[in-house]
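Below is protein-v6.tsv, which holds TSV, C-alpha atoms.
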chain	number	residue	atom	x	y	z
A	258	MET	CA	-241.98	-9.58	-18.87
A	259	ASN	CA	-242.95	-5.93	-19.40
A	260	ILE	CA	-246.56	-6.58	-20.27
A	261	LEU	CA	-247.46	-2.92	-19.71
A	262	PHE	CA	-245.09	-1.83	-22.47
A	263	ASN	CA	-244.86	-2.61	-26.13
A	264	PRO	CA	-241.26	-3.88	-26.12
A	265	ASN	CA	-238.89	-4.20	-29.04
A	266	SER	CA	-237.38	-7.57	-29.88
A	267	LEU	CA	-233.62	-7.20	-29.51
A	268	THR	CA	-233.14	-10.73	-30.91
A	269	SER	CA	-233.11	-11.35	-34.65
A	270	PHE	CA	-233.95	-14.78	-36.03
A	271	PHE	CA	-232.25	-16.31	-39.07
A	272	LYS	CA	-233.73	-18.55	-41.75
A	273	VAL	CA	-232.37	-20.15	-44.91
A	274	PRO	CA	-234.06	-21.16	-48.19
A	275	GLN	CA	-233.68	-24.90	-47.73
A	276	TYR	CA	-233.60	-27.47	-44.94
A	277	GLU	CA	-232.91	-31.19	-45.11
A	278	ILE	CA	-234.92	-33.97	-43.49
A	279	PHE	CA	-233.25	-37.02	-41.96
A	280	CYS	CA	-235.19	-40.09	-40.96
A	281	LEU	CA	-234.61	-42.75	-38.33
A	282	ASN	CA	-231.53	-44.88	-38.95
A	283	GLU	CA	-230.66	-42.80	-42.01
A	284	GLU	CA	-227.02	-41.90	-42.46
A	285	TYR	CA	-226.06	-38.27	-42.88
A	286	GLU	CA	-224.72	-37.33	-46.28
A	287	THR	CA	-222.20	-34.94	-44.77
A	288	ASN	CA	-219.56	-35.46	-42.12
A	289	GLY	CA	-220.09	-33.01	-39.33
A	290	VAL	CA	-221.28	-32.28	-35.84
A	291	ILE	CA	-224.00	-34.94	-35.97
A	292	SER	CA	-223.22	-38.64	-35.58
A	293	THR	CA	-225.46	-41.34	-37.06
A	294	LYS	CA	-225.95	-42.69	-33.55
A	295	LYS	CA	-228.26	-39.77	-32.84
A	296	THR	CA	-230.85	-41.28	-35.14
A	297	GLU	CA	-231.46	-44.12	-32.70
A	298	VAL	CA	-234.85	-43.83	-31.00
A	299	THR	CA	-235.10	-43.58	-27.23
A	300	ASP	CA	-237.95	-44.83	-25.06
A	301	GLU	CA	-239.00	-41.22	-24.60
A	302	ASP	CA	-239.22	-40.74	-28.38
A	303	SER	CA	-241.55	-43.73	-28.60
A	304	GLU	CA	-243.72	-42.35	-25.78
A	305	ILE	CA	-244.02	-38.97	-27.51
A	306	TYR	CA	-244.96	-40.61	-30.79
A	307	GLU	CA	-247.71	-42.66	-29.14
A	308	GLU	CA	-248.94	-39.72	-27.06
A	309	LEU	CA	-249.37	-37.44	-30.07
A	310	LEU	CA	-250.71	-39.96	-32.58
A	311	GLY	CA	-252.80	-42.03	-30.19
A	312	TYR	CA	-252.51	-45.23	-28.22
A	313	GLY	CA	-251.26	-48.18	-30.26
A	314	ASN	CA	-249.27	-46.05	-32.69
A	315	SER	CA	-245.77	-47.27	-31.97
A	316	LEU	CA	-242.48	-46.40	-33.59
A	317	LEU	CA	-241.84	-50.10	-33.97
A	318	LEU	CA	-243.18	-52.70	-36.37
A	319	GLU	CA	-242.93	-56.48	-36.19
A	320	ASP	CA	-242.69	-58.67	-39.28
A	321	GLU	CA	-243.90	-62.24	-39.80
A	322	ASP	CA	-240.65	-63.68	-38.43
A	323	GLY	CA	-240.98	-61.70	-35.21
A	324	ASP	CA	-238.18	-59.31	-36.06
A	325	VAL	CA	-238.76	-55.79	-34.72
A	326	TYR	CA	-237.69	-52.72	-36.63
A	327	TYR	CA	-238.43	-49.01	-36.85
A	328	LYS	CA	-241.00	-47.61	-39.22
A	329	GLU	CA	-239.45	-46.57	-42.50
A	330	ASN	CA	-239.04	-42.92	-43.43
A	331	LEU	CA	-240.03	-41.62	-40.01
A	332	PRO	CA	-238.65	-38.05	-39.88
A	333	LYS	CA	-236.29	-37.45	-36.98
A	334	PHE	CA	-234.18	-34.36	-37.74
A	335	LEU	CA	-234.61	-31.18	-39.76
A	336	ARG	CA	-231.37	-29.34	-40.40
A	337	ILE	CA	-229.29	-27.18	-42.71
A	338	ASN	CA	-226.85	-28.87	-45.05
A	339	GLU	CA	-223.45	-28.68	-43.41
A	340	LYS	CA	-221.90	-26.90	-46.39
A	341	ASP	CA	-224.55	-24.20	-46.00
A	342	VAL	CA	-223.55	-23.66	-42.38
A	343	GLU	CA	-220.24	-22.28	-43.67
A	344	LYS	CA	-222.13	-19.52	-45.48
A	345	VAL	CA	-223.54	-18.17	-42.25
A	346	GLY	CA	-221.86	-15.14	-40.75
A	347	PHE	CA	-221.84	-12.85	-43.75
A	348	ASN	CA	-224.23	-11.76	-46.47
A	349	ASN	CA	-223.11	-12.85	-49.89
A	350	GLU	CA	-224.43	-11.85	-53.29
A	351	ASN	CA	-227.00	-14.63	-53.26
A	352	GLU	CA	-228.37	-13.52	-49.88
A	353	PHE	CA	-228.23	-17.09	-48.59
A	354	TYR	CA	-230.01	-16.27	-45.34
A	355	SER	CA	-232.38	-13.60	-44.09
A	356	THR	CA	-233.20	-12.23	-40.65
A	357	TYR	CA	-236.36	-10.85	-39.13
A	358	ASN	CA	-237.66	-9.23	-35.95
A	359	PRO	CA	-240.33	-11.61	-34.57
A	360	LEU	CA	-242.41	-8.96	-32.80
A	361	GLU	CA	-242.45	-6.49	-35.70
A	362	ASP	CA	-242.27	-8.78	-38.73
A	363	ALA	CA	-244.19	-11.79	-37.39
A	364	PRO	CA	-246.89	-10.64	-34.94
A	365	ASN	CA	-248.98	-13.74	-35.74
A	366	LEU	CA	-246.16	-16.26	-35.34
A	367	TYR	CA	-247.92	-17.88	-32.37
A	368	THR	CA	-251.06	-18.79	-34.33
A	369	GLU	CA	-249.00	-19.93	-37.33
A	370	LEU	CA	-246.94	-22.23	-35.09
A	371	ALA	CA	-250.13	-23.90	-33.87
A	372	LYS	CA	-251.02	-24.85	-37.47
A	373	VAL	CA	-248.14	-27.34	-37.68
A	374	GLU	CA	-249.48	-30.90	-37.60
A	375	TYR	CA	-247.68	-33.70	-35.79
A	376	PHE	CA	-245.31	-35.71	-37.98
A	377	ASP	CA	-246.62	-33.90	-41.05
A	378	ILE	CA	-243.64	-32.58	-42.97
A	379	PRO	CA	-245.53	-30.32	-45.45
A	380	SER	CA	-247.13	-28.29	-42.64
A	381	LEU	CA	-243.81	-28.07	-40.80
A	382	LYS	CA	-241.99	-27.07	-43.98
A	383	LYS	CA	-244.51	-24.28	-44.61
A	384	PHE	CA	-243.80	-22.83	-41.17
A	385	VAL	CA	-240.03	-23.26	-41.41
A	386	ASP	CA	-239.90	-21.64	-44.85
A	387	ASN	CA	-241.41	-18.50	-43.33
A	388	PHE	CA	-239.88	-18.46	-39.85
A	389	GLY	CA	-236.90	-20.83	-39.73
A	390	LEU	CA	-236.45	-23.65	-37.22
A	391	PRO	CA	-238.51	-23.01	-34.06
A	392	GLN	CA	-235.86	-24.49	-31.75
A	393	GLY	CA	-232.76	-26.67	-31.78
A	394	ASN	CA	-228.99	-26.25	-31.90
A	395	ASP	CA	-228.03	-22.59	-32.28
A	396	LEU	CA	-224.86	-21.48	-34.08
A	397	PHE	CA	-224.73	-18.37	-31.88
A	398	SER	CA	-225.73	-19.89	-28.55
A	399	THR	CA	-223.71	-17.29	-26.63
A	400	ASP	CA	-225.26	-14.32	-28.43
A	401	ILE	CA	-228.69	-13.30	-27.08
A	402	TYR	CA	-229.19	-10.87	-29.99
A	403	LYS	CA	-229.28	-13.42	-32.79
A	404	VAL	CA	-230.59	-16.97	-33.12
A	405	PHE	CA	-229.68	-19.31	-35.95
A	406	ASN	CA	-230.97	-22.82	-35.32
A	407	TYR	CA	-229.26	-25.15	-37.76
A	408	GLU	CA	-230.69	-28.48	-36.55
A	409	MET	CA	-233.89	-29.53	-34.77
A	410	ASP	CA	-234.87	-32.83	-33.19
A	411	LEU	CA	-238.45	-33.36	-34.37
A	412	PHE	CA	-239.49	-35.46	-31.38
A	413	ALA	CA	-238.47	-32.74	-28.93
A	414	PHE	CA	-240.18	-30.16	-31.16
A	415	TYR	CA	-243.48	-32.03	-31.40
A	416	LYS	CA	-243.56	-32.56	-27.65
A	417	ALA	CA	-243.06	-28.82	-27.04
A	418	LEU	CA	-245.62	-28.07	-29.76
A	419	SER	CA	-248.25	-30.25	-28.06
A	420	ILE	CA	-247.94	-28.22	-24.85
A	421	PHE	CA	-248.14	-24.91	-26.72
A	422	LYS	CA	-251.18	-26.07	-28.71
A	423	LYS	CA	-252.88	-26.97	-25.45
A	424	ALA	CA	-252.24	-23.49	-24.01
A	425	LEU	CA	-253.57	-21.79	-27.15
A	426	GLY	CA	-256.48	-24.24	-27.19
A	427	VAL	CA	-257.54	-23.31	-23.66
A	428	PHE	CA	-257.34	-19.62	-24.50
A	429	SER	CA	-259.36	-20.01	-27.70
A	430	ALA	CA	-262.01	-22.09	-25.91
A	431	LEU	CA	-262.41	-19.33	-23.32
A	432	ARG	CA	-262.47	-16.52	-25.89
A	433	LEU	CA	-264.89	-18.33	-28.21
A	434	ASN	CA	-266.99	-19.48	-25.26
A	435	ASP	CA	-266.84	-23.10	-26.42
A	436	GLU	CA	-268.53	-24.82	-23.48
A	437	SER	CA	-267.70	-28.39	-24.51
A	438	LYS	CA	-264.01	-27.54	-24.94
A	439	ILE	CA	-263.94	-25.58	-21.68
A	440	LYS	CA	-265.33	-28.60	-19.85
A	441	GLU	CA	-262.80	-30.86	-21.58
A	442	TYR	CA	-259.87	-28.64	-20.54
A	443	ALA	CA	-261.21	-28.41	-16.97
A	444	GLU	CA	-261.13	-32.22	-16.79
A	445	GLN	CA	-257.63	-32.26	-18.30
A	446	PHE	CA	-256.55	-29.81	-15.63
A	447	GLU	CA	-257.74	-32.15	-12.88
A	448	ARG	CA	-255.72	-35.01	-14.38
A	449	TYR	CA	-252.73	-32.66	-14.71
A	450	VAL	CA	-252.92	-31.73	-11.00
A	451	GLY	CA	-253.10	-35.42	-10.12
A	452	LYS	CA	-249.92	-36.11	-12.09
A	453	GLU	CA	-248.17	-33.14	-10.49
A	454	PHE	CA	-249.19	-34.42	-7.05
A	455	ASN	CA	-247.79	-37.88	-7.72
A	456	ARG	CA	-244.61	-36.48	-9.27
A	457	GLY	CA	-244.04	-34.05	-6.39
A	458	LEU	CA	-244.79	-36.66	-3.73
A	459	ASN	CA	-242.46	-39.18	-5.37
A	460	GLU	CA	-239.67	-36.60	-5.53
A	461	SER	CA	-240.19	-35.75	-1.85
A	462	THR	CA	-240.20	-39.43	-0.90
A	463	GLU	CA	-237.03	-40.09	-2.87
A	464	LYS	CA	-235.27	-37.22	-1.12
A	465	ILE	CA	-236.30	-38.51	2.29
A	466	LEU	CA	-235.34	-42.07	1.47
A	467	ALA	CA	-231.98	-40.98	0.16
A	468	PHE	CA	-231.37	-39.06	3.38
A	469	LYS	CA	-232.69	-41.60	5.87
A	470	LYS	CA	-232.16	-44.92	4.11
A	471	ASP	CA	-228.84	-45.80	5.67
A	472	GLU	CA	-229.86	-44.61	9.10
A	473	ILE	CA	-233.21	-46.45	9.13
A	474	GLU	CA	-231.80	-49.71	7.75
A	475	LYS	CA	-228.98	-49.68	10.24
A	476	GLU	CA	-231.34	-49.18	13.19
A	477	LEU	CA	-233.90	-51.73	12.01
A	478	GLU	CA	-231.22	-54.31	11.34
A	479	ASN	CA	-230.69	-54.85	15.07
A	480	GLU	CA	-234.25	-54.06	16.15
A	481	VAL	CA	-236.35	-56.96	17.37
A	482	ASP	CA	-239.21	-55.11	19.07
A	483	ILE	CA	-242.15	-54.82	16.62
A	484	ARG	CA	-243.40	-51.68	18.35
A	485	LYS	CA	-240.08	-49.94	17.77
A	486	ARG	CA	-240.13	-51.04	14.14
A	487	LEU	CA	-243.58	-49.50	13.71
A	488	ALA	CA	-242.37	-46.32	15.39
A	489	HIS	CA	-239.58	-46.02	12.82
A	490	HIS	CA	-242.08	-46.47	9.99
A	491	HIS	CA	-244.42	-43.93	11.58
A	492	ASN	CA	-241.62	-41.34	11.79
A	493	HIS	CA	-240.74	-42.02	8.18
A	494	PHE	CA	-244.38	-41.51	7.12
A	495	ARG	CA	-244.57	-38.26	9.07
A	496	ALA	CA	-241.43	-37.02	7.32
A	497	VAL	CA	-243.03	-37.78	3.94
A	498	LYS	CA	-246.21	-35.99	4.99
A	499	ASP	CA	-244.26	-32.94	6.14
A	500	ASN	CA	-242.58	-32.77	2.72
A	501	ILE	CA	-245.92	-32.24	0.97
A	502	LYS	CA	-245.10	-28.55	1.35
A	503	ASN	CA	-242.57	-29.14	-1.44
A	504	LEU	CA	-245.36	-29.99	-3.89
A	505	PRO	CA	-246.16	-27.53	-6.72
A	506	GLN	CA	-248.36	-24.65	-5.60
A	507	ILE	CA	-251.18	-25.66	-7.93
A	508	VAL	CA	-251.44	-28.98	-6.03
A	509	THR	CA	-251.61	-27.39	-2.59
A	510	ARG	CA	-254.24	-24.92	-3.85
A	511	TRP	CA	-256.40	-27.57	-5.51
A	512	TYR	CA	-258.75	-27.71	-2.50
A	513	GLU	CA	-259.62	-24.04	-3.24
A	514	ILE	CA	-260.37	-24.44	-6.95
A	515	GLY	CA	-261.18	-28.12	-7.42
A	516	PHE	CA	-264.93	-27.53	-7.22
A	517	ASP	CA	-265.01	-24.27	-9.18
A	518	PRO	CA	-266.98	-24.08	-12.45
A	519	PRO	CA	-265.24	-25.48	-15.58
A	520	GLU	CA	-264.47	-21.98	-16.89
A	521	VAL	CA	-262.61	-21.02	-13.71
A	522	ARG	CA	-260.63	-24.27	-13.67
A	523	SER	CA	-259.75	-23.77	-17.35
A	524	ARG	CA	-258.41	-20.31	-16.56
A	525	HIS	CA	-256.21	-21.79	-13.83
A	526	TYR	CA	-255.02	-24.39	-16.33
A	527	LEU	CA	-254.08	-21.70	-18.83
A	528	VAL	CA	-252.13	-19.81	-16.16
A	529	GLU	CA	-250.30	-23.00	-15.21
A	530	LEU	CA	-249.37	-23.77	-18.83
A	531	LEU	CA	-248.15	-20.21	-19.40
A	532	ASN	CA	-246.12	-20.20	-16.19
A	533	ASN	CA	-244.35	-23.43	-17.12
A	534	TRP	CA	-242.64	-21.98	-20.20
A	535	GLU	CA	-240.14	-19.18	-20.70
A	536	LYS	CA	-241.53	-16.11	-22.44
A	537	GLY	CA	-238.29	-14.31	-23.18
A	538	ASN	CA	-236.23	-12.01	-20.99
A	539	SER	CA	-237.27	-8.47	-20.24
A	540	THR	CA	-234.57	-5.84	-20.59
A	541	TYR	CA	-233.92	-2.29	-21.80
A	542	ALA	CA	-231.98	-0.79	-24.65
A	543	ILE	CA	-231.10	2.57	-26.20
A	544	ILE	CA	-233.24	2.87	-29.33
A	545	ASP	CA	-233.34	6.08	-31.35
A	546	GLY	CA	-231.50	7.77	-28.50
A	547	GLN	CA	-234.13	6.82	-25.91
A	548	ILE	CA	-234.29	4.17	-23.19
A	549	GLN	CA	-236.93	1.70	-24.31
A	550	PRO	CA	-238.14	-1.71	-23.10
A	551	GLY	CA	-236.85	-4.71	-25.01
A	552	MET	CA	-237.08	-8.49	-25.11
A	553	THR	CA	-234.54	-11.18	-25.92
A	554	PHE	CA	-235.58	-14.69	-26.92
A	555	ALA	CA	-233.79	-18.05	-27.01
A	556	ASP	CA	-236.11	-19.65	-29.59
A	557	LEU	CA	-239.43	-19.20	-31.37
A	558	PHE	CA	-241.39	-21.00	-28.65
A	559	GLU	CA	-240.45	-18.21	-26.27
A	560	VAL	CA	-241.70	-15.71	-28.85
A	561	ALA	CA	-244.93	-17.66	-29.29
A	562	TYR	CA	-245.58	-17.81	-25.53
A	563	PHE	CA	-244.81	-14.10	-25.21
A	564	GLN	CA	-247.31	-13.28	-27.98
A	565	LEU	CA	-249.91	-15.61	-26.48
A	566	SER	CA	-249.42	-14.06	-23.04
A	567	ARG	CA	-249.93	-10.62	-24.51
A	568	ALA	CA	-253.11	-11.83	-26.23
A	569	VAL	CA	-254.38	-13.30	-22.94
A	570	ILE	CA	-253.69	-10.14	-20.93
A	571	GLY	CA	-255.16	-7.96	-23.69
A	572	ASN	CA	-258.19	-10.26	-24.00
A	573	ILE	CA	-257.60	-10.23	-27.75
A	574	LYS	CA	-260.52	-11.28	-29.94
A	575	MET	CA	-259.91	-14.55	-31.76
A	576	GLU	CA	-261.78	-16.08	-34.72
A	577	ARG	CA	-261.43	-19.09	-36.99
A	578	CYS	CA	-260.35	-18.68	-40.59
A	579	GLU	CA	-263.15	-19.24	-43.13
A	580	HIS	CA	-260.71	-21.12	-45.36
A	581	CYS	CA	-258.49	-23.32	-43.16
A	582	GLY	CA	-260.37	-23.20	-39.86
A	583	ALA	CA	-257.27	-22.19	-37.89
A	584	LEU	CA	-257.37	-19.63	-35.09
A	585	PHE	CA	-256.22	-16.10	-35.84
A	586	GLU	CA	-256.03	-12.79	-34.03
A	587	VAL	CA	-258.70	-10.31	-35.13
A	588	THR	CA	-257.02	-6.97	-35.81
A	589	HIS	CA	-260.06	-5.43	-37.50
A	590	GLU	CA	-263.70	-6.49	-37.65
A	591	SER	CA	-263.75	-7.21	-41.40
A	592	ARG	CA	-260.98	-9.84	-41.20
A	593	ARG	CA	-262.27	-13.32	-42.04
A	594	PHE	CA	-259.03	-15.12	-42.89
A	595	CYS	CA	-255.60	-15.78	-41.43
A	596	PRO	CA	-253.43	-12.65	-41.80
A	597	PRO	CA	-250.65	-12.44	-44.42
A	598	LEU	CA	-247.39	-14.23	-43.70
A	599	PRO	CA	-244.20	-12.15	-43.21
A	600	ARG	CA	-243.25	-10.07	-46.25
A	601	ASN	CA	-246.60	-10.90	-47.93
A	602	LYS	CA	-249.29	-8.33	-48.56
A	603	ILE	CA	-252.13	-10.75	-49.22
A	604	SER	CA	-253.38	-13.51	-46.94
A	605	THR	CA	-252.57	-16.95	-48.35
A	606	CYS	CA	-255.85	-18.27	-46.97
A	607	GLN	CA	-257.85	-15.41	-48.48
A	608	ASN	CA	-256.17	-15.93	-51.85
A	609	SER	CA	-256.82	-19.71	-51.74
A	610	TYR	CA	-260.43	-19.09	-50.72
A	611	ASN	CA	-260.95	-16.64	-53.59
A	612	GLN	CA	-259.44	-19.11	-56.05
A	613	LYS	CA	-261.73	-21.85	-54.77
A	614	ILE	CA	-264.79	-19.61	-55.15
A	615	LYS	CA	-263.65	-18.65	-58.65
A	616	ARG	CA	-263.39	-22.33	-59.65
A	617	LYS	CA	-266.82	-23.12	-58.20
A	618	ARG	CA	-268.36	-20.14	-60.01
A	619	LYS	CA	-266.82	-21.24	-63.29
A	620	LYS	CA	-267.91	-24.85	-62.80
A	621	THR	CA	-271.46	-23.79	-61.88
A	622	LYS	CA	-271.86	-21.80	-65.10
A	623	GLU	CA	-270.40	-24.67	-67.13
A	624	LEU	CA	-272.91	-27.10	-65.65
A	625	VAL	CA	-275.81	-24.71	-66.34
A	626	ALA	CA	-274.64	-24.47	-69.93
A	627	ASN	CA	-274.72	-28.28	-70.07
A	628	GLY	CA	-278.37	-28.28	-69.05
A	629	LEU	CA	-278.16	-29.23	-65.36
A	630	SER	CA	-280.71	-27.74	-62.94
A	631	ILE	CA	-279.66	-25.64	-59.99
A	632	GLU	CA	-280.59	-28.52	-57.67
A	633	GLU	CA	-278.42	-30.97	-59.64
A	634	ILE	CA	-275.51	-28.52	-59.65
A	635	ALA	CA	-275.72	-27.99	-55.88
A	636	LYS	CA	-275.70	-31.75	-55.30
A	637	LYS	CA	-272.80	-32.34	-57.71
A	638	LEU	CA	-270.63	-29.58	-56.23
A	639	LYS	CA	-271.70	-30.42	-52.64
A	640	ILE	CA	-272.95	-26.91	-51.94
A	641	ASP	CA	-276.38	-25.57	-50.99
A	642	ILE	CA	-278.79	-24.18	-53.59
A	643	LYS	CA	-278.41	-20.58	-52.38
A	644	GLU	CA	-274.63	-20.72	-52.89
A	645	ALA	CA	-275.05	-22.17	-56.38
A	646	GLN	CA	-277.57	-19.48	-57.25
A	647	ALA	CA	-275.20	-16.79	-55.97
A	648	TYR	CA	-272.49	-18.04	-58.37
A	649	LEU	CA	-274.90	-17.75	-61.28
A	650	ASN	CA	-275.94	-14.23	-60.28
A	651	ASP	CA	-272.32	-12.96	-60.08
Please lay out the structure from this file as structure tokens.
Amino acid sequence: MNILFNPNSLTSFFKVPQYEIFCLNEEYETNGVISTKKTEVTDEDSEIYEELLGYGNSLLLEDEDGDVYYKENLPKFLRINEKDVEKVGFNNENEFYSTYNPLEDAPNLYTELAKVEYFDIPSLKKFVDNFGLPQGNDLFSTDIYKVFNYEMDLFAFYKALSIFKKALGVFSALRLNDESKIKEYAEQFERYVGKEFNRGLNESTEKILAFKKDEIEKELENEVDIRKRLAHHHNHFRAVKDNIKNLPQIVTRWYEIGFDPPEVRSRHYLVELLNNWEKGNSTYAIIDGQIQPGMTFADLFEVAYFQLSRAVIGNIKMERCEHCGALFEVTHESRRFCPPLPRNKISTCQNSYNQKIKRKRKKTKELVANGLSIEEIAKKLKIDIKEAQAYLND
């Protein structure tokens, strides 16, 4: 990735006005590339659901008779109507779809993506309406210059989203100097390294067993001497030990950083999370007659990780929106709200905040006219007395 440059996005992303939601065990209304069998839940789906919503939250329910069934109306797929797919490939009079450059038109895509809540369709729909499907099946999978995702598996999406949210969370904790969060992520990092160690060791052991299984079993089959048996086991153990070099680098380096302060361990965690995801492909292109750096992306997660990486390297200042509480990139000191969405001039959060203040101001004056004291008004509207007084003075 050309982090020293300000590259152009050579990939355009498509979006359409409307997407359809399909739930578990729900039949598709159209006959097409998707079979109804795809709505069956796998064990991995169930694990993701429980991981994101908390222990005990299963995909399955059991009735009084002991019959087990899936939860009703659990969203599984988000996709374009199949008839609409036929409209793709040309612009018609109705302008069915639109395209955008993610680096120029959506510089805050990475913070908007993090606002999506797990298994919450309204928050997902808000994102998709502005940016299209973040990942999924692409109509132009062989064309690196355009991406049109027409269907997305929500379980795969939410799992990828959880990892991205964690990376952004670590970065925001470090930038906002949130000591409790930094400590929490440092502890998560230790558990992560432990899992990587076990996974890497198991993979090494499996490789050795697969290679030596027949040979060892054949030799031991005719071996009576206990000492020789132990020697075989010892050699096998030594082979496993030697294969520790195949473990992920972060595991082998843990002895160097395991006792570092929480902030240092959190930084290592952020690096690990960033390194584990693609951030687009760096390339070059002729633009306006000049050779310029460019990027191509396979999906919006790659865009989001690229933008986050740029924010990390640039040590970008981050703040929380006064309206929704979400993280946003501070482009100028006076910004207090999430920036405007693509093709909007005014921040949605700022507009909602202003409308809320307007309603409170109007209600405050109405209550004063009805004879309530400033203390009673503050209690009724759940605001402090100074805020109520400010509304009266406006």
List as a short mmCIF file (atom, residue, chain, number, x, y, z; two decimals) with C-alpha atoms, keeping the file's coordinate frame the protein and nucleic acid residues near stretch 437-441 of chain A, meaning an atom at most 9 Å away when only C-alpha atoms are counted, but skip any in the same chain fewer than 6 places from it.
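Heads up, here's the output in selection39.cif:
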data_model
loop_
_atom_site.label_atom_id
_atom_site.label_comp_id
_atom_site.auth_asym_id
_atom_site.auth_seq_id
_atom_site.Cartn_x
_atom_site.Cartn_y
_atom_site.Cartn_z
CA GLY A 426 -256.48 -24.24 -27.19
CA VAL A 427 -257.54 -23.31 -23.66
CA ALA A 430 -262.01 -22.09 -25.91
CA LEU A 431 -262.41 -19.33 -23.32
CA PRO A 518 -266.98 -24.08 -12.45
CA PRO A 519 -265.24 -25.48 -15.58
CA GLU A 520 -264.47 -21.98 -16.89
CA ARG A 522 -260.63 -24.27 -13.67
CA SER A 523 -259.75 -23.77 -17.35
#
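Coordinates place atom CA of A:Arg456 at a distance of 20.0 Å from atom CA of A:Ile514.
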Could you give me, as a PyMOL selection string, the residues within 10 Å of A:Glu447, counting only C-alpha atoms and dropping anything in the same chain fewer than 6 positions from it?
chain A and resi 453+508+511+515+522-523+526
Please produce an output containing C-alpha atoms for each residue in the selection, written as a short mmCIF file (atom, residue, chain, number, x, y, z; two decimals), in the coordinates of the input.
data_model
loop_
_atom_site.label_atom_id
_atom_site.label_comp_id
_atom_site.auth_asym_id
_atom_site.auth_seq_id
_atom_site.Cartn_x
_atom_site.Cartn_y
_atom_site.Cartn_z
CA GLU A 453 -248.17 -33.14 -10.49
CA VAL A 508 -251.44 -28.98 -6.03
CA TRP A 511 -256.40 -27.57 -5.51
CA GLY A 515 -261.18 -28.12 -7.42
CA ARG A 522 -260.63 -24.27 -13.67
CA SER A 523 -259.75 -23.77 -17.35
CA TYR A 526 -255.02 -24.39 -16.33
#
Selection: 10 Å around A:Lys382, all atoms listed in the file, excl. self and same-chain fewer than 6 positions, as a PyMOL selection string:
chain A and resi 275-276+278+335+373+388-390
Since we have the selection now, will you write its residues out, keeping C-alpha atoms, as a short mmCIF file (atom, residue, chain, number, x, y, z; two decimals), in the coordinates of the input?
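Output file part05.cif follows:
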data_model
loop_
_atom_site.label_atom_id
_atom_site.label_comp_id
_atom_site.auth_asym_id
_atom_site.auth_seq_id
_atom_site.Cartn_x
_atom_site.Cartn_y
_atom_site.Cartn_z
CA GLN A 275 -233.68 -24.90 -47.73
CA TYR A 276 -233.60 -27.47 -44.94
CA ILE A 278 -234.92 -33.97 -43.49
CA LEU A 335 -234.61 -31.18 -39.76
CA VAL A 373 -248.14 -27.34 -37.68
CA PHE A 388 -239.88 -18.46 -39.85
CA GLY A 389 -236.90 -20.83 -39.73
CA LEU A 390 -236.45 -23.65 -37.22
#
What's the 10 Å shell around A:Glu277, counting only C-alpha atoms, without same-chain residues fewer than 5 positions away, as a PyMOL selection string?
chain A and resi 334-339+408
Which distance in Å separates atom CA of A:Phe446 and atom CA of A:Val521, to one decimal?
10.8 Å
Could you give me, as a list in words, the residues within 6 Å of stretch 552-556 of chain A, counting only C-alpha atoms and dropping anything in the same chain fewer than 5 positions from it?
Ser266, Leu267, Thr268, Gln392, Gly537, Asn538, Ser539 and Thr540 of chain A
Could you save those same residues with C-alpha atoms as a PDB file, in the coordinates of the input?
ATOM      1  CA  SER A 266    -237.380  -7.570 -29.880  1.00  0.00           C
ATOM      2  CA  LEU A 267    -233.620  -7.200 -29.510  1.00  0.00           C
ATOM      3  CA  THR A 268    -233.140 -10.730 -30.910  1.00  0.00           C
ATOM      4  CA  GLN A 392    -235.860 -24.490 -31.750  1.00  0.00           C
ATOM      5  CA  GLY A 537    -238.290 -14.310 -23.180  1.00  0.00           C
ATOM      6  CA  ASN A 538    -236.230 -12.010 -20.990  1.00  0.00           C
ATOM      7  CA  SER A 539    -237.270  -8.470 -20.240  1.00  0.00           C
ATOM      8  CA  THR A 540    -234.570  -5.840 -20.590  1.00  0.00           C
TER       9      THR A 540
END
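Computed from the coordinates, the atom CA of A:Ser355 to atom CA of A:Pro274 distance equals 8.8 Å.
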Axis-aligned box over every listed atom of stretch 606-611 of chain A, padded by 4 Å per side: centre and edges in Å to one decimal, as JSON?
{"center_x": -258.4, "center_y": -17.6, "center_z": -50.3, "size_x": 13.1, "size_y": 12.3, "size_z": 14.6}
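Using only C-alpha atoms, the nearest neighbour of A:Ala542 within the list A:Tyr402, A:Tyr357, A:Phe558, A:Tyr415 is A:Tyr402.
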Measuring between all atoms listed in the file, which one of A:Phe563, A:Val450, A:Ile603, A:Cys280 shows the shortest distance to A:Ile378?
A:Cys280
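When all atoms listed in the file are used to compute distances to A:Leu318, the closest of the residues A:Ala424, A:Pro332, A:Tyr354, A:Ser303 turns out to be A:Ser303.
Among the candidates A:Lys574, A:Lys328, A:Lys423, A:Lys372, the residue lying nearest to A:Glu529 is A:Lys423 (atoms considered: only C-alpha atoms).
The smallest atom-to-atom distance between A:Gln612 and any of A:Arg524, A:Lys639, A:His580, A:Arg593, using all atoms listed in the file, is found for A:His580.
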Would it be fine to have stretch 593-604 of chain A, with C-alpha atoms, given as a short mmCIF file (atom, residue, chain, number, x, y, z; two decimals), in the first residue's frame?
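Dumped everything to out26.cif:
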data_model
loop_
_atom_site.label_atom_id
_atom_site.label_comp_id
_atom_site.auth_asym_id
_atom_site.auth_seq_id
_atom_site.Cartn_x
_atom_site.Cartn_y
_atom_site.Cartn_z
CA ARG A 593 -18.73 18.22 16.73
CA PHE A 594 -20.81 15.78 14.70
CA CYS A 595 -20.39 12.95 12.23
CA PRO A 596 -19.55 14.38 8.78
CA PRO A 597 -22.15 14.48 5.97
CA LEU A 598 -22.88 11.27 4.10
CA PRO A 599 -21.95 11.04 0.39
CA ARG A 600 -23.74 13.59 -1.80
CA ASN A 601 -25.08 15.39 1.31
CA LYS A 602 -23.98 18.87 2.31
CA ILE A 603 -25.28 18.77 5.88
CA SER A 604 -24.42 16.24 8.57
#
